[in-house]
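Just query_4.pdb here, PDB, C-alpha atoms:
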ATOM      1  CA  GLN Y   1     -31.655  10.602 -20.267  1.00  0.00           C
ATOM      2  CA  VAL Y   2     -29.042   8.932 -18.108  1.00  0.00           C
ATOM      3  CA  GLN Y   3     -26.961  11.284 -15.995  1.00  0.00           C
ATOM      4  CA  PHE Y   4     -23.521  10.733 -14.515  1.00  0.00           C
ATOM      5  CA  VAL Y   5     -22.269  12.731 -11.532  1.00  0.00           C
ATOM      6  CA  GLU Y   6     -18.579  12.495 -10.740  1.00  0.00           C
ATOM      7  CA  SER Y   7     -17.038  13.453  -7.396  1.00  0.00           C
ATOM      8  CA  GLY Y   8     -14.001  12.904  -5.214  1.00  0.00           C
ATOM      9  CA  GLY Y   9     -11.362  14.926  -7.047  1.00  0.00           C
ATOM     10  CA  GLY Y  10      -9.002  17.359  -5.403  1.00  0.00           C
ATOM     11  CA  LEU Y  11      -5.439  18.568  -4.974  1.00  0.00           C
ATOM     12  CA  VAL Y  12      -2.932  15.989  -3.777  1.00  0.00           C
ATOM     13  CA  PRO Y  13       0.865  15.855  -3.708  1.00  0.00           C
ATOM     14  CA  PRO Y  14       2.767  13.343  -5.859  1.00  0.00           C
ATOM     15  CA  GLY Y  15       2.482   9.901  -4.311  1.00  0.00           C
ATOM     16  CA  GLY Y  16      -0.906  10.690  -2.838  1.00  0.00           C
ATOM     17  CA  SER Y  17      -4.232   8.909  -3.258  1.00  0.00           C
ATOM     18  CA  LEU Y  18      -7.786   9.767  -4.213  1.00  0.00           C
ATOM     19  CA  LYS Y  19     -11.000   7.797  -4.643  1.00  0.00           C
ATOM     20  CA  LEU Y  20     -13.367   9.006  -7.350  1.00  0.00           C
ATOM     21  CA  SER Y  21     -17.066   8.180  -7.477  1.00  0.00           C
ATOM     22  CA  CYS Y  22     -19.540   8.249 -10.346  1.00  0.00           C
ATOM     23  CA  LYS Y  23     -23.221   8.097  -9.492  1.00  0.00           C
ATOM     24  CA  THR Y  24     -25.534   7.097 -12.337  1.00  0.00           C
ATOM     25  CA  SER Y  25     -29.206   7.978 -12.593  1.00  0.00           C
ATOM     26  CA  SER Y  26     -30.189   4.587 -13.978  1.00  0.00           C
ATOM     27  CA  SER Y  27     -29.483   0.973 -13.143  1.00  0.00           C
ATOM     28  CA  MET Y  28     -25.913  -0.075 -13.845  1.00  0.00           C
ATOM     29  CA  SER Y  29     -26.525  -3.796 -13.554  1.00  0.00           C
ATOM     30  CA  SER Y  30     -27.584  -4.287 -17.165  1.00  0.00           C
ATOM     31  CA  VAL Y  31     -24.985  -1.959 -18.700  1.00  0.00           C
ATOM     32  CA  TYR Y  32     -22.346  -3.803 -20.749  1.00  0.00           C
ATOM     33  CA  ALA Y  33     -19.426  -1.801 -19.336  1.00  0.00           C
ATOM     34  CA  MET Y  34     -18.602   1.338 -17.373  1.00  0.00           C
ATOM     35  CA  ASP Y  35     -15.645   3.576 -18.152  1.00  0.00           C
ATOM     36  CA  TRP Y  36     -13.480   6.238 -16.559  1.00  0.00           C
ATOM     37  CA  TYR Y  37     -11.943   8.847 -18.869  1.00  0.00           C
ATOM     38  CA  ARG Y  38      -9.720  11.847 -18.329  1.00  0.00           C
ATOM     39  CA  GLN Y  39      -9.122  15.016 -20.275  1.00  0.00           C
ATOM     40  CA  VAL Y  40      -6.404  17.635 -20.176  1.00  0.00           C
ATOM     41  CA  PRO Y  41      -7.224  21.070 -21.654  1.00  0.00           C
ATOM     42  CA  GLY Y  42      -6.493  21.115 -25.378  1.00  0.00           C
ATOM     43  CA  ASN Y  43      -6.465  17.315 -25.612  1.00  0.00           C
ATOM     44  CA  GLU Y  44      -9.095  14.713 -26.349  1.00  0.00           C
ATOM     45  CA  ARG Y  45     -10.807  12.735 -23.644  1.00  0.00           C
ATOM     46  CA  VAL Y  46      -9.023   9.390 -23.225  1.00  0.00           C
ATOM     47  CA  LEU Y  47     -10.018   6.097 -21.659  1.00  0.00           C
ATOM     48  CA  VAL Y  48      -8.395   5.351 -18.307  1.00  0.00           C
ATOM     49  CA  ALA Y  49     -10.180   2.190 -17.197  1.00  0.00           C
ATOM     50  CA  ARG Y  50     -13.129  -0.029 -18.114  1.00  0.00           C
ATOM     51  CA  ILE Y  51     -15.044  -2.665 -16.175  1.00  0.00           C
ATOM     52  CA  THR Y  52     -17.560  -4.918 -17.890  1.00  0.00           C
ATOM     53  CA  LYS Y  53     -20.768  -6.366 -16.505  1.00  0.00           C
ATOM     54  CA  VAL Y  54     -18.992  -9.657 -15.827  1.00  0.00           C
ATOM     55  CA  GLY Y  55     -16.014  -8.007 -14.151  1.00  0.00           C
ATOM     56  CA  LYS Y  56     -13.486  -7.985 -16.970  1.00  0.00           C
ATOM     57  CA  ILE Y  57     -11.186  -4.998 -16.449  1.00  0.00           C
ATOM     58  CA  HIS Y  58      -8.954  -2.944 -18.760  1.00  0.00           C
ATOM     59  CA  TYR Y  59      -6.507  -0.186 -17.774  1.00  0.00           C
ATOM     60  CA  THR Y  60      -4.495   2.137 -19.952  1.00  0.00           C
ATOM     61  CA  ASP Y  61      -0.819   1.273 -19.542  1.00  0.00           C
ATOM     62  CA  SER Y  62       0.116   4.434 -17.654  1.00  0.00           C
ATOM     63  CA  VAL Y  63      -2.156   3.634 -14.693  1.00  0.00           C
ATOM     64  CA  LYS Y  64      -1.700  -0.139 -14.395  1.00  0.00           C
ATOM     65  CA  GLY Y  65      -0.725  -1.139 -10.873  1.00  0.00           C
ATOM     66  CA  ARG Y  66      -1.773   2.244  -9.458  1.00  0.00           C
ATOM     67  CA  PHE Y  67      -5.480   2.614 -10.255  1.00  0.00           C
ATOM     68  CA  THR Y  68      -8.334   0.252  -9.419  1.00  0.00           C
ATOM     69  CA  ILE Y  69     -11.784   0.424 -11.012  1.00  0.00           C
ATOM     70  CA  PHE Y  70     -14.755  -1.203  -9.332  1.00  0.00           C
ATOM     71  CA  ARG Y  71     -18.524  -0.919  -9.338  1.00  0.00           C
ATOM     72  CA  ASP Y  72     -21.342  -1.238  -6.826  1.00  0.00           C
ATOM     73  CA  ASN Y  73     -24.442  -2.084  -8.847  1.00  0.00           C
ATOM     74  CA  ALA Y  74     -26.683  -1.877  -5.778  1.00  0.00           C
ATOM     75  CA  LYS Y  75     -25.698   1.775  -5.390  1.00  0.00           C
ATOM     76  CA  ASN Y  76     -25.474   2.479  -9.134  1.00  0.00           C
ATOM     77  CA  THR Y  77     -22.019   3.846  -8.456  1.00  0.00           C
ATOM     78  CA  LEU Y  78     -18.699   3.401 -10.229  1.00  0.00           C
ATOM     79  CA  TYR Y  79     -15.400   4.031  -8.424  1.00  0.00           C
ATOM     80  CA  LEU Y  80     -11.788   4.709  -9.320  1.00  0.00           C
ATOM     81  CA  GLU Y  81      -9.243   4.286  -6.581  1.00  0.00           C
ATOM     82  CA  MET Y  82      -6.028   6.075  -7.507  1.00  0.00           C
ATOM     83  CA  ASN Y  83      -2.754   5.515  -5.665  1.00  0.00           C
ATOM     84  CA  ASP Y  84       0.796   6.761  -6.185  1.00  0.00           C
ATOM     85  CA  LEU Y  85      -0.536   9.701  -8.141  1.00  0.00           C
ATOM     86  CA  LYS Y  86       1.816  11.500 -10.515  1.00  0.00           C
ATOM     87  CA  PRO Y  87       1.706  15.041 -11.923  1.00  0.00           C
ATOM     88  CA  GLU Y  88       0.807  13.552 -15.325  1.00  0.00           C
ATOM     89  CA  ASP Y  89      -2.432  12.203 -13.806  1.00  0.00           C
ATOM     90  CA  THR Y  90      -3.663  15.789 -13.505  1.00  0.00           C
ATOM     91  CA  ALA Y  91      -6.871  16.061 -15.538  1.00  0.00           C
ATOM     92  CA  VAL Y  92     -10.638  16.271 -15.352  1.00  0.00           C
ATOM     93  CA  TYR Y  93     -12.015  12.765 -14.841  1.00  0.00           C
ATOM     94  CA  TYR Y  94     -15.325  11.644 -16.344  1.00  0.00           C
ATOM     95  CA  CYS Y  95     -17.372   8.483 -16.365  1.00  0.00           C
ATOM     96  CA  ASN Y  96     -19.723   7.075 -18.967  1.00  0.00           C
ATOM     97  CA  GLN Y  97     -21.071   3.735 -19.960  1.00  0.00           C
ATOM     98  CA  PHE Y  98     -19.758   1.784 -22.951  1.00  0.00           C
ATOM     99  CA  PRO Y  99     -20.909   2.215 -25.634  1.00  0.00           C
ATOM    100  CA  ASN Y 100     -20.884   5.883 -24.634  1.00  0.00           C
ATOM    101  CA  LEU Y 101     -23.996   7.973 -24.231  1.00  0.00           C
ATOM    102  CA  PRO Y 102     -22.797  11.143 -26.044  1.00  0.00           C
ATOM    103  CA  ASP Y 103     -25.404  13.422 -24.474  1.00  0.00           C
ATOM    104  CA  SER Y 104     -24.840  12.204 -20.918  1.00  0.00           C
ATOM    105  CA  TRP Y 105     -21.331  13.440 -20.112  1.00  0.00           C
ATOM    106  CA  GLY Y 106     -21.248  15.011 -16.667  1.00  0.00           C
ATOM    107  CA  GLN Y 107     -19.206  17.931 -15.349  1.00  0.00           C
ATOM    108  CA  GLY Y 108     -16.336  15.695 -14.362  1.00  0.00           C
ATOM    109  CA  THR Y 109     -14.161  16.008 -11.288  1.00  0.00           C
ATOM    110  CA  GLN Y 110     -10.796  17.802 -11.292  1.00  0.00           C
ATOM    111  CA  VAL Y 111      -7.747  15.907 -10.103  1.00  0.00           C
ATOM    112  CA  THR Y 112      -4.605  17.973  -9.586  1.00  0.00           C
ATOM    113  CA  VAL Y 113      -1.345  16.329  -8.548  1.00  0.00           C
ATOM    114  CA  SER Y 114       1.146  18.946  -7.443  1.00  0.00           C
ATOM    115  CA  TRP Y 115       3.201  20.203  -4.551  1.00  0.00           C
TER     116      TRP Y 115
END
Would you kindly transcribe this structure into structure tokens?
Amino acid sequence: QVQFVESGGGLVPPGGSLKLSCKTSSSMSSVYAMDWYRQVPGNERVLVARITKVGKIHYTDSVKGRFTIFRDNAKNTLYLEMNDLKPEDTAVYYCNQFPNLPDSWGQGTQVTVSW
């Protein structure tokens, strides 16, 4: 079973930056796409960004121009660079491949944007 381990979250003030990492237990090079999601308590997990095997990228509108998704297949690691963070970015961030592996969700990493 593939495992995803997210890291890099923390507490930052508005306008701050964080870089999230997602280490996968299997090769990423053949995976169609890799995703970052976020979830606020009481809400569903939502897609933040997606990067396909050929480098096509999608962002949800609220993060365009502020977040950058990229992957290092040699390290089997997915990244999310987040700049100009806003309080509404506060959430637990998860990664998964697309199509999702429903039994492989990790613990996520908490991002809190607050003074």
Open item on the list: What would the selection look like, as a ChimeraX atom specification, if the PyMOL selection byres ((chain Y and resi 2-19) around 7) were run on the coordinates I just shared?
Closed with: /Y:1,20-26,79-87,94-96,104-106,108-115
Task: Minimum-distance residue to Asp35 (chain Y), chosen among Y:Leu78, Y:Arg50, Y:Asp61, Y:Asn100 (using only C-alpha atoms) - done: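 Looking at the shortest contact to Asp35 (chain Y), the residue is Y:Arg50.
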Task: Matched chain/residue IDs from the PyMOL selection byres ((chain Y and resi 91) around 7), as a list in words - done: Arg38, Gln39, Val40, Asp89, Thr90, Val92, Tyr93, Gln110, Val111 and Thr112 of chain Y
Open item on the list: From the options Y:Asp103, Y:Asn76, Y:Val46, Y:Val31, which residue's atoms come nearest to Thr60 (chain Y), counting only C-alpha atoms?
Closed with: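 Using only C-alpha atoms, the shortest distance to Thr60 (chain Y) belongs to Y:Val46.
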TODO: Find, counting only C-alpha atoms, the residue in Y:Lys53, Y:Lys75, Y:Gln97, Y:Phe70 that gets nearest to Tyr37 (chain Y).
DONE: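 Of Y:Lys53, Y:Lys75, Y:Gln97, Y:Phe70, the one nearest Tyr37 (chain Y), counting only C-alpha atoms, is Y:Gln97.
Across the model, the gap from CA of Trp36 (chain Y) to CA of Lys64 (chain Y) is 13.6 Å.
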- [ ] Find the distance between CA of Ala74 (chain Y) and CA of Ala49 (chain Y) and write it in Å to one decimal.
- [x] 20.5 Å
Open item on the list: Given only C-alpha atoms as the basis, pick out the residue of Y:Met28, Y:Val48, Y:Val54, Y:Ala33 nearest to Asp72 (chain Y).
Closed with: Y:Met28
Task: Distance of CA of Thr77 (chain Y) from CA of Thr52 (chain Y), expressed in Å to one decimal place - done: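 A separation of 13.6 Å between them.
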Task: Selected residue, from Y:Leu101, Y:Glu88, Y:Phe67, Y:Gln107, that lies nearest to Met34 (chain Y) when counting all atoms listed in the file - done: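 Closest candidate: Y:Leu101.
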